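Trainee: For reference, this is upload-v2.cif, and it has mmCIF, C-alpha atoms and all ligand atoms.
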```
data_entry
#
loop_
_atom_site.label_atom_id
_atom_site.label_comp_id
_atom_site.auth_asym_id
_atom_site.auth_seq_id
_atom_site.Cartn_x
_atom_site.Cartn_y
_atom_site.Cartn_z
CA MET A 1 0.00 0.00 0.00
CA HIS A 2 1.48 3.33 -0.98
CA ARG A 3 -0.53 6.23 0.35
CA GLU A 4 0.22 9.60 1.73
CA HIS A 5 -2.96 10.15 3.72
CA VAL A 6 -5.91 8.02 4.84
CA LEU A 7 -8.98 10.18 4.36
CA SER A 8 -11.82 8.01 3.12
CA THR A 9 -12.58 4.39 2.23
CA LYS A 10 -13.65 5.62 -1.21
CA GLU A 11 -9.99 5.79 -2.17
CA LEU A 12 -9.02 2.34 -0.81
CA SER A 13 -8.92 -0.58 -3.23
CA ARG A 14 -9.67 -4.16 -2.22
CA ASP A 15 -5.95 -4.77 -2.47
CA ASP A 16 -5.19 -1.91 -0.04
CA ILE A 17 -7.76 -3.30 2.40
CA GLU A 18 -6.37 -6.81 2.22
CA THR A 19 -2.79 -5.56 2.60
CA VAL A 20 -3.71 -3.81 5.88
CA LEU A 21 -5.69 -6.78 7.19
CA ASP A 22 -2.96 -9.29 6.28
CA ARG A 23 -0.40 -7.11 8.05
CA ALA A 24 -2.73 -6.82 11.08
CA ALA A 25 -3.08 -10.61 11.25
CA ASP A 26 0.68 -10.92 11.00
CA ILE A 27 1.27 -8.35 13.76
CA ALA A 28 -1.33 -9.97 16.04
CA HIS A 29 0.51 -13.25 15.55
CA SER A 30 4.19 -12.27 15.62
CA GLY A 31 4.48 -8.62 16.75
CA THR A 32 6.97 -6.19 15.15
CA ASP A 33 10.54 -5.01 15.49
CA ARG A 34 10.09 -2.14 17.97
CA SER A 35 13.49 -0.57 17.29
CA ARG A 36 12.33 0.68 13.87
CA TYR A 37 9.94 3.14 15.47
CA ALA A 38 12.05 4.33 18.39
CA ASP A 39 12.21 7.86 16.92
CA THR A 40 8.66 8.02 15.60
CA ILE A 41 6.08 10.40 17.03
CA LEU A 42 2.37 10.25 16.27
CA ALA A 43 0.20 13.32 17.01
CA LEU A 44 -3.33 12.79 18.30
CA LEU A 45 -5.58 15.75 17.48
CA PHE A 46 -9.11 15.18 18.69
CA PHE A 47 -11.59 18.04 18.40
CA GLU A 48 -14.47 15.71 19.36
CA PRO A 49 -14.81 13.16 22.17
CA SER A 50 -13.19 9.77 21.68
CA THR A 51 -12.28 6.78 23.81
CA ARG A 52 -11.56 3.80 21.55
CA THR A 53 -10.14 5.53 18.51
CA LYS A 54 -7.77 7.77 20.44
CA MET A 55 -6.65 5.16 22.97
CA SER A 56 -6.16 2.45 20.37
CA PHE A 57 -4.07 4.73 18.15
CA ASP A 58 -2.05 5.64 21.24
CA THR A 59 -1.62 1.97 22.13
CA ALA A 60 -0.82 1.04 18.53
CA MET A 61 1.99 3.60 18.17
CA LYS A 62 3.47 2.63 21.54
CA ARG A 63 3.27 -1.08 20.77
CA LEU A 64 5.16 -0.40 17.54
CA GLY A 65 7.89 1.17 19.70
CA GLY A 66 7.11 4.85 19.04
CA THR A 67 5.56 7.61 21.13
CA THR A 68 2.54 9.91 20.88
CA ILE A 69 1.81 13.55 21.59
CA ASP A 70 -1.67 14.70 22.34
CA MET A 71 -3.28 18.11 21.89
CA GLY A 72 -5.46 17.38 24.93
CA SER A 73 -8.95 18.79 25.12
CA VAL A 74 -10.05 21.54 22.76
CA GLU A 75 -10.70 23.76 25.80
CA SER A 76 -7.06 23.56 26.90
CA SER A 77 -5.61 24.19 23.40
CA SER A 78 -4.95 27.33 21.36
CA VAL A 79 -8.14 26.61 19.42
CA THR A 80 -9.94 28.57 22.14
CA LYS A 81 -7.76 31.56 21.19
CA GLY A 82 -9.18 31.40 17.68
CA GLU A 83 -6.45 29.42 15.91
CA SER A 84 -7.55 27.95 12.56
CA LEU A 85 -7.32 24.23 11.82
CA ALA A 86 -4.90 25.01 8.97
CA ASP A 87 -2.49 26.80 11.36
CA THR A 88 -2.77 24.05 14.00
CA ILE A 89 -1.88 21.46 11.35
CA ARG A 90 1.03 23.54 10.00
CA VAL A 91 2.48 23.68 13.52
CA ILE A 92 1.89 20.06 14.55
CA GLU A 93 3.36 18.65 11.34
CA GLY A 94 6.68 20.05 12.55
CA TYR A 95 6.40 17.99 15.74
CA ALA A 96 5.20 14.60 14.50
CA ASP A 97 5.66 11.98 11.76
CA ALA A 98 1.92 11.56 11.25
CA ILE A 99 -1.28 13.18 12.51
CA VAL A 100 -4.49 11.45 13.57
CA LEU A 101 -7.32 13.97 13.29
CA ARG A 102 -10.92 13.87 14.51
CA HIS A 103 -12.99 16.96 13.82
CA PRO A 104 -16.71 17.86 13.82
CA SER A 105 -16.64 19.27 10.26
CA GLU A 106 -17.11 17.02 7.27
CA GLY A 107 -14.09 17.38 4.98
CA ALA A 108 -11.75 18.55 7.80
CA ALA A 109 -9.21 15.77 7.25
CA LYS A 110 -9.08 16.44 3.52
CA MET A 111 -8.57 20.13 4.18
CA ALA A 112 -5.82 19.33 6.73
CA SER A 113 -4.07 17.10 4.19
CA GLU A 114 -3.64 20.12 1.93
CA PHE A 115 -1.54 21.82 4.61
CA ALA A 116 0.53 18.85 5.78
CA ASP A 117 3.59 17.07 4.44
CA VAL A 118 3.17 14.26 6.98
CA PRO A 119 0.37 11.67 6.62
CA ILE A 120 -3.06 12.74 7.90
CA ILE A 121 -5.27 9.93 9.17
CA ASN A 122 -8.96 10.75 9.32
CA ALA A 123 -10.30 9.52 12.67
CA GLY A 124 -13.79 10.89 11.93
CA ASP A 125 -14.86 14.09 10.16
CA GLY A 126 -18.34 15.05 11.29
CA ALA A 127 -20.93 12.85 9.60
CA GLY A 128 -18.44 12.15 6.79
CA GLN A 129 -16.05 9.22 7.09
CA HIS A 130 -14.18 7.08 9.62
CA PRO A 131 -11.92 4.88 7.48
CA THR A 132 -9.81 3.28 10.21
CA GLN A 133 -12.96 2.12 12.01
CA THR A 134 -13.92 0.39 8.76
CA LEU A 135 -10.58 -1.39 8.56
CA LEU A 136 -11.06 -2.87 12.02
CA ASP A 137 -14.68 -3.69 11.18
CA LEU A 138 -13.54 -5.57 8.08
CA HIS A 139 -10.83 -7.35 10.04
CA THR A 140 -13.49 -8.56 12.49
CA ILE A 141 -15.74 -9.68 9.64
CA ARG A 142 -12.94 -11.46 7.78
CA GLU A 143 -11.72 -13.29 10.88
CA ASN A 144 -15.21 -14.43 11.87
CA VAL A 145 -17.18 -15.09 8.70
CA GLY A 146 -14.85 -14.38 5.75
CA PHE A 147 -15.55 -12.18 2.73
CA ASP A 148 -17.04 -14.80 0.39
CA ASP A 149 -20.75 -14.54 -0.40
CA LEU A 150 -21.14 -12.05 2.43
CA SER A 151 -24.45 -10.49 3.47
CA VAL A 152 -24.30 -7.52 5.88
CA GLY A 153 -27.18 -5.66 7.55
CA ILE A 154 -26.36 -2.14 8.74
CA MET A 155 -28.94 -0.74 11.12
CA GLY A 156 -29.61 2.51 12.99
CA ASP A 157 -28.46 6.01 12.12
CA LEU A 158 -27.47 5.68 8.49
CA LYS A 159 -27.82 9.40 7.87
CA TYR A 160 -25.30 10.80 10.33
CA GLY A 161 -23.25 7.66 11.08
CA ARG A 162 -19.79 8.14 9.58
CA THR A 163 -18.82 4.55 10.38
CA VAL A 164 -21.74 3.49 8.15
CA HIS A 165 -20.68 5.66 5.23
CA SER A 166 -17.12 4.37 5.36
CA LEU A 167 -18.19 0.76 5.76
CA ALA A 168 -20.66 0.91 2.86
CA HIS A 169 -17.98 2.04 0.39
CA ALA A 170 -15.58 -0.65 1.58
CA LEU A 171 -18.20 -3.44 1.47
CA THR A 172 -18.82 -2.46 -2.13
CA LYS A 173 -15.14 -3.10 -2.89
CA ILE A 174 -15.42 -6.63 -1.50
CA ASP A 175 -18.70 -7.33 -3.36
CA ALA A 176 -20.82 -7.87 -0.23
CA ARG A 177 -24.63 -7.69 -0.28
CA GLN A 178 -25.66 -4.70 1.84
CA HIS A 179 -29.01 -4.29 3.61
CA PHE A 180 -29.64 -0.89 5.17
CA ILE A 181 -32.22 -0.88 7.96
CA SER A 182 -33.43 2.42 9.43
CA PRO A 183 -36.43 4.68 9.91
CA GLU A 184 -37.21 6.67 6.77
CA SER A 185 -35.81 9.86 8.35
CA LEU A 186 -32.38 8.26 8.95
CA ARG A 187 -31.84 6.70 5.50
CA LEU A 188 -28.40 6.81 3.93
CA PRO A 189 -27.69 10.31 2.56
CA ARG A 190 -28.46 10.77 -1.11
CA SER A 191 -24.78 11.44 -1.93
CA VAL A 192 -23.71 8.10 -0.40
CA ARG A 193 -26.53 6.24 -2.20
CA PHE A 194 -25.45 7.89 -5.44
CA ASP A 195 -21.79 6.88 -5.01
CA LEU A 196 -22.73 3.29 -4.09
CA HIS A 197 -24.96 3.08 -7.15
CA GLU A 198 -22.18 4.45 -9.37
CA ASP A 199 -19.82 1.80 -7.97
CA GLY A 200 -22.31 -0.98 -8.72
CA ALA A 201 -23.02 -1.82 -5.06
CA ASN A 202 -25.52 -4.54 -4.21
CA VAL A 203 -27.78 -2.51 -1.88
CA ARG A 204 -31.31 -2.85 -0.46
CA GLU A 205 -33.08 -0.55 2.01
CA HIS A 206 -35.57 -1.68 4.68
CA THR A 207 -37.45 -0.21 7.60
CA ASP A 208 -37.96 -3.59 9.32
CA LEU A 209 -35.08 -5.82 10.45
CA ASP A 210 -37.28 -8.93 10.36
CA ASP A 211 -37.48 -8.65 6.56
CA VAL A 212 -33.82 -9.61 6.24
CA LEU A 213 -32.50 -10.87 9.56
CA SER A 214 -32.48 -14.57 8.63
CA THR A 215 -30.36 -13.90 5.50
CA LEU A 216 -27.57 -12.00 7.28
CA ASP A 217 -24.03 -13.08 8.20
CA VAL A 218 -23.35 -9.77 9.98
CA LEU A 219 -25.65 -7.31 11.73
CA TYR A 220 -23.85 -3.98 12.25
CA VAL A 221 -25.77 -1.86 14.75
CA THR A 222 -25.10 1.86 15.20
CA ARG A 223 -25.90 4.55 17.76
CA ILE A 224 -28.30 7.33 16.88
CA GLN A 225 -25.87 10.27 16.55
CA ARG A 226 -27.67 12.61 18.91
CA GLU A 227 -24.97 15.30 18.72
CA ARG A 228 -25.55 15.74 14.97
CA PHE A 229 -29.32 16.32 15.08
CA PRO A 230 -30.19 19.95 14.43
CA ASP A 231 -33.31 19.52 16.57
CA GLU A 232 -33.57 17.53 19.83
CA ASN A 233 -37.23 16.70 19.09
CA GLU A 234 -36.24 14.94 15.88
CA TYR A 235 -33.80 12.86 17.91
CA ARG A 236 -36.47 11.92 20.44
CA GLU A 237 -38.76 10.71 17.66
CA VAL A 238 -36.30 8.06 16.50
CA ALA A 239 -34.39 7.27 19.72
CA GLY A 240 -34.97 3.76 20.98
CA GLN A 241 -36.86 2.60 17.85
CA TYR A 242 -34.30 0.02 16.78
CA ARG A 243 -33.15 -2.06 19.70
CA ILE A 244 -31.59 -5.50 19.54
CA THR A 245 -32.50 -7.94 22.29
CA GLU A 246 -32.00 -11.71 22.61
CA ASP A 247 -35.63 -12.16 21.53
CA ALA A 248 -35.13 -10.01 18.44
CA LEU A 249 -32.35 -12.40 17.36
CA GLU A 250 -34.45 -15.55 17.63
CA ASP A 251 -34.81 -15.93 13.84
CA ALA A 252 -31.19 -15.12 13.15
CA ASN A 253 -28.76 -17.51 11.57
CA ASP A 254 -26.79 -19.40 14.28
CA ASP A 255 -23.55 -17.99 12.88
CA LEU A 256 -24.76 -14.38 12.68
CA ILE A 257 -22.31 -11.96 14.27
CA VAL A 258 -23.55 -8.73 15.85
CA MET A 259 -21.16 -5.79 15.59
CA HIS A 260 -21.26 -2.18 16.82
CA PRO A 261 -18.53 0.49 16.56
CA LEU A 262 -19.38 1.53 20.17
CA PRO A 263 -20.24 3.46 22.26
CA ARG A 264 -23.68 1.91 22.53
CA VAL A 265 -26.47 3.70 24.32
CA ASP A 266 -29.44 1.33 24.33
CA GLU A 267 -29.38 -0.13 20.79
CA ILE A 268 -28.11 -3.49 22.04
CA ALA A 269 -29.55 -4.92 25.25
CA PRO A 270 -26.88 -6.17 27.69
CA GLY A 271 -28.43 -9.66 27.44
CA VAL A 272 -27.02 -9.95 23.91
CA ASP A 273 -23.44 -9.62 25.26
CA THR A 274 -23.36 -13.21 26.48
CA THR A 275 -24.87 -14.77 23.32
CA THR A 276 -22.68 -16.41 20.68
CA HIS A 277 -23.58 -13.55 18.32
CA ALA A 278 -21.84 -10.68 20.15
CA ARG A 279 -18.56 -9.48 18.63
CA TYR A 280 -18.47 -5.77 19.54
CA PHE A 281 -15.83 -5.99 22.26
CA GLU A 282 -13.60 -8.19 20.12
CA GLN A 283 -14.18 -5.62 17.34
CA ALA A 284 -13.00 -2.78 19.60
CA HIS A 285 -9.90 -4.77 20.58
CA ASN A 286 -9.06 -5.29 16.90
CA GLY A 287 -8.47 -1.52 16.74
CA VAL A 288 -4.94 -2.05 18.06
CA PRO A 289 -3.46 -4.57 15.56
CA VAL A 290 -5.30 -2.93 12.65
CA ARG A 291 -4.04 0.56 13.54
CA MET A 292 -0.54 -0.85 14.14
CA ALA A 293 -0.68 -2.35 10.65
CA LEU A 294 -1.89 0.87 9.09
CA LEU A 295 0.77 2.97 10.83
CA ASP A 296 3.44 0.47 9.87
CA LEU A 297 2.42 0.58 6.21
CA LEU A 298 2.16 4.38 6.16
CA LEU A 299 5.35 5.13 8.06
CA GLN A 300 7.78 2.43 7.00
CA GLY A 301 9.22 4.51 4.20
CA GLU A 302 10.17 7.24 6.63
CA THR A 303 11.89 5.13 9.25
CA GLN A 304 13.73 2.50 7.27
C1 LIG A 401 -17.91 6.02 16.34
C2 LIG A 401 -17.64 7.44 15.85
O1 LIG A 401 -16.97 8.22 16.53
O2 LIG A 401 -18.09 7.72 14.74
N1 LIG A 401 -17.15 5.70 17.47
C3 LIG A 401 -15.94 5.09 17.28
O3 LIG A 401 -15.01 5.69 16.76
N2 LIG A 401 -15.84 3.80 17.62
C4 LIG A 401 -19.34 5.69 16.49
C5 LIG A 401 -20.22 6.58 17.35
O4 LIG A 401 -19.78 7.56 17.95
O5 LIG A 401 -21.41 6.24 17.44
#
```
Rewrite the structure of this file - the entire thing - as structure tokens.

Mentor:
Amino acid sequence: MHREHVLSTKELSRDDIETVLDRAADIAHSGTDRSRYADTILALLFFEPSTRTKMSFDTAMKRLGGTTIDMGSVESSSVTKGESLADTIRVIEGYADAIVLRHPSEGAAKMASEFADVPIINAGDGAGQHPTQTLLDLHTIRENVGFDDLSVGIMGDLKYGRTVHSLAHALTKIDARQHFISPESLRLPRSVRFDLHEDGANVREHTDLDDVLSTLDVLYVTRIQRERFPDENEYREVAGQYRITEDALEDANDDLIVMHPLPRVDEIAPGVDTTTHARYFEQAHNGVPVRMALLDLLLQGETQ
């Protein structure tokens, strides 16, 4: 894989995806030579809350043998003095070998990449994309059910969920059947539907999970993205409508895996955690080897 930045899954080929996942499997199995990254510094710039993404990038860089620097909270940074994202990036690129950026504005990572000579990794840009989440999602899918003849249901907030948008583009690259399940008001955005159609994706939309549940290998559940709703009343109308319980999974295939990028609010009842279907904690743990693999592939040219 030869890439400068990781901004969107739209630009990743199936080959790129498989290169990262193969490397992740390799790293999980045999580790890496930590001395290669002794001088490497990764900057973590998070303008929105994060637990998993930030901590797993931090862990990944440290497990590779490097170190991380962290802007800390937005409130404690110069952003509160009115500094632009472009200036922040121009400064941080002088401190670090790569920058992981999460920002509330769609397109922020792309914009940042225009000001940086070091790789920018998009860790979520508003309701846009979250490509590294997709890589760990695909790793979880490949390890559990494989990519052949794959049928995936994606349920919840398809409108604002950036993990959904990234995953949909990547599933198209691996020729999976995609079933989108949501209330009418949270359908996939028109622009994403358009791109999927252009790419020849195999896509169906549903409002009722029961219409497809028994045909699925993977059910990917997402949180309603409350923070992105312009109106709290609109959020209340849809909150709690799509909830997975043990009962709801009665007609599922025995081998169905249930995934969720986390955090969950109430979309998956705790009773599901102990069923054979649950994979969301394993999925979160896969963030470390997958992000190690991605960093290794992006940075190796600079440290060898
Ligand atoms: C997701 C995100 O930030 O988009 N979280 C994550 O990175 N695992 C999903 C979410 O916040 O619902």

Trainee: Would you list the contacts of region 98-115 of chain A as a short mmCIF file (atom, residue, chain, number, x, y, z; two decimals) with C-alpha atoms, keeping the file's coordinate frame, taking every protein, DNA or RNA residue within 8 Å and counting only C-alpha atoms, but skipping same-chain residues closer than 5 positions in sequence?

Mentor:
```
data_model
loop_
_atom_site.label_atom_id
_atom_site.label_comp_id
_atom_site.auth_asym_id
_atom_site.auth_seq_id
_atom_site.Cartn_x
_atom_site.Cartn_y
_atom_site.Cartn_z
CA HIS A 5 -2.96 10.15 3.72
CA LEU A 7 -8.98 10.18 4.36
CA ILE A 41 6.08 10.40 17.03
CA LEU A 42 2.37 10.25 16.27
CA ALA A 43 0.20 13.32 17.01
CA LEU A 44 -3.33 12.79 18.30
CA LEU A 45 -5.58 15.75 17.48
CA PHE A 46 -9.11 15.18 18.69
CA PHE A 47 -11.59 18.04 18.40
CA GLU A 48 -14.47 15.71 19.36
CA LEU A 85 -7.32 24.23 11.82
CA ALA A 86 -4.90 25.01 8.97
CA ILE A 89 -1.88 21.46 11.35
CA ARG A 90 1.03 23.54 10.00
CA ILE A 92 1.89 20.06 14.55
CA GLU A 93 3.36 18.65 11.34
CA ILE A 120 -3.06 12.74 7.90
CA ILE A 121 -5.27 9.93 9.17
CA ASN A 122 -8.96 10.75 9.32
CA ALA A 123 -10.30 9.52 12.67
CA GLY A 124 -13.79 10.89 11.93
CA ASP A 125 -14.86 14.09 10.16
CA GLY A 126 -18.34 15.05 11.29
CA ALA A 127 -20.93 12.85 9.60
CA GLY A 128 -18.44 12.15 6.79
CA GLN A 129 -16.05 9.22 7.09
CA LEU A 299 5.35 5.13 8.06
#
```

Trainee: If I put a ball of radius 7 Å at (-25.8, 8.5, 11.2) in the file's coordinates, which residues poke into it when counting only C-alpha atoms, written as a ChimeraX atom specification?

Mentor: /A:127,157-162,186,224-225

Trainee: Do you know which residues are within 6 Å of ligand LIG 401 (chain A) using all atoms listed in the file? Can you write them as a PyMOL selection string?

Mentor: chain A and resi 52-53+162-163+223+261-263

Trainee: Against region 12-35 of chain A, which residues of region 65-172 of chain A fall within 9 Å? For each one I want the closest pair of atoms and the distance in Å (one decimal), counting only C-alpha atoms, rows by chain and increasing residue number, as a Markdown table.

Mentor:
```
| residue | atom | partner | partner_atom | distance |
| --- | --- | --- | --- | --- |
| A:Gly65 | CA | A:Arg34 | CA | 4.3 |
| A:Gly66 | CA | A:Arg34 | CA | 7.7 |
| A:Leu135 | CA | A:Ile17 | CA | 7.0 |
| A:Leu136 | CA | A:Leu21 | CA | 8.2 |
| A:Leu138 | CA | A:Leu21 | CA | 8.0 |
| A:His139 | CA | A:Leu21 | CA | 5.9 |
| A:Arg142 | CA | A:Leu21 | CA | 8.6 |
| A:Ala170 | CA | A:Leu12 | CA | 7.6 |
```

Trainee: Could those residues be written to a file, using C-alpha atoms, as a PDB file, keeping the file's coordinate frame?

Mentor:
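again_15.pdb was written with the following content:
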```pdb
ATOM      1  CA  GLY A  65       7.890   1.170  19.700  1.00  0.00           C
ATOM      2  CA  GLY A  66       7.110   4.850  19.040  1.00  0.00           C
ATOM      3  CA  LEU A 135     -10.580  -1.390   8.560  1.00  0.00           C
ATOM      4  CA  LEU A 136     -11.060  -2.870  12.020  1.00  0.00           C
ATOM      5  CA  LEU A 138     -13.540  -5.570   8.080  1.00  0.00           C
ATOM      6  CA  HIS A 139     -10.830  -7.350  10.040  1.00  0.00           C
ATOM      7  CA  ARG A 142     -12.940 -11.460   7.780  1.00  0.00           C
ATOM      8  CA  ALA A 170     -15.580  -0.650   1.580  1.00  0.00           C
TER       9      ALA A 170
END
```

Trainee: Enter the distance from CA of Asp70 (chain A) to CA of Thr140 (chain A), in Å, rounded to one decimal.

Mentor: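 That distance, rounded to one decimal, is 27.9 Å.
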
Trainee: Find the spatial neighbours of Thr245 (chain A), counting all atoms listed in the file, within a cut-off of 9 Å - ignore same-chain residues fewer than 3 positions away - and output them as a count of residues only.

Mentor: 8
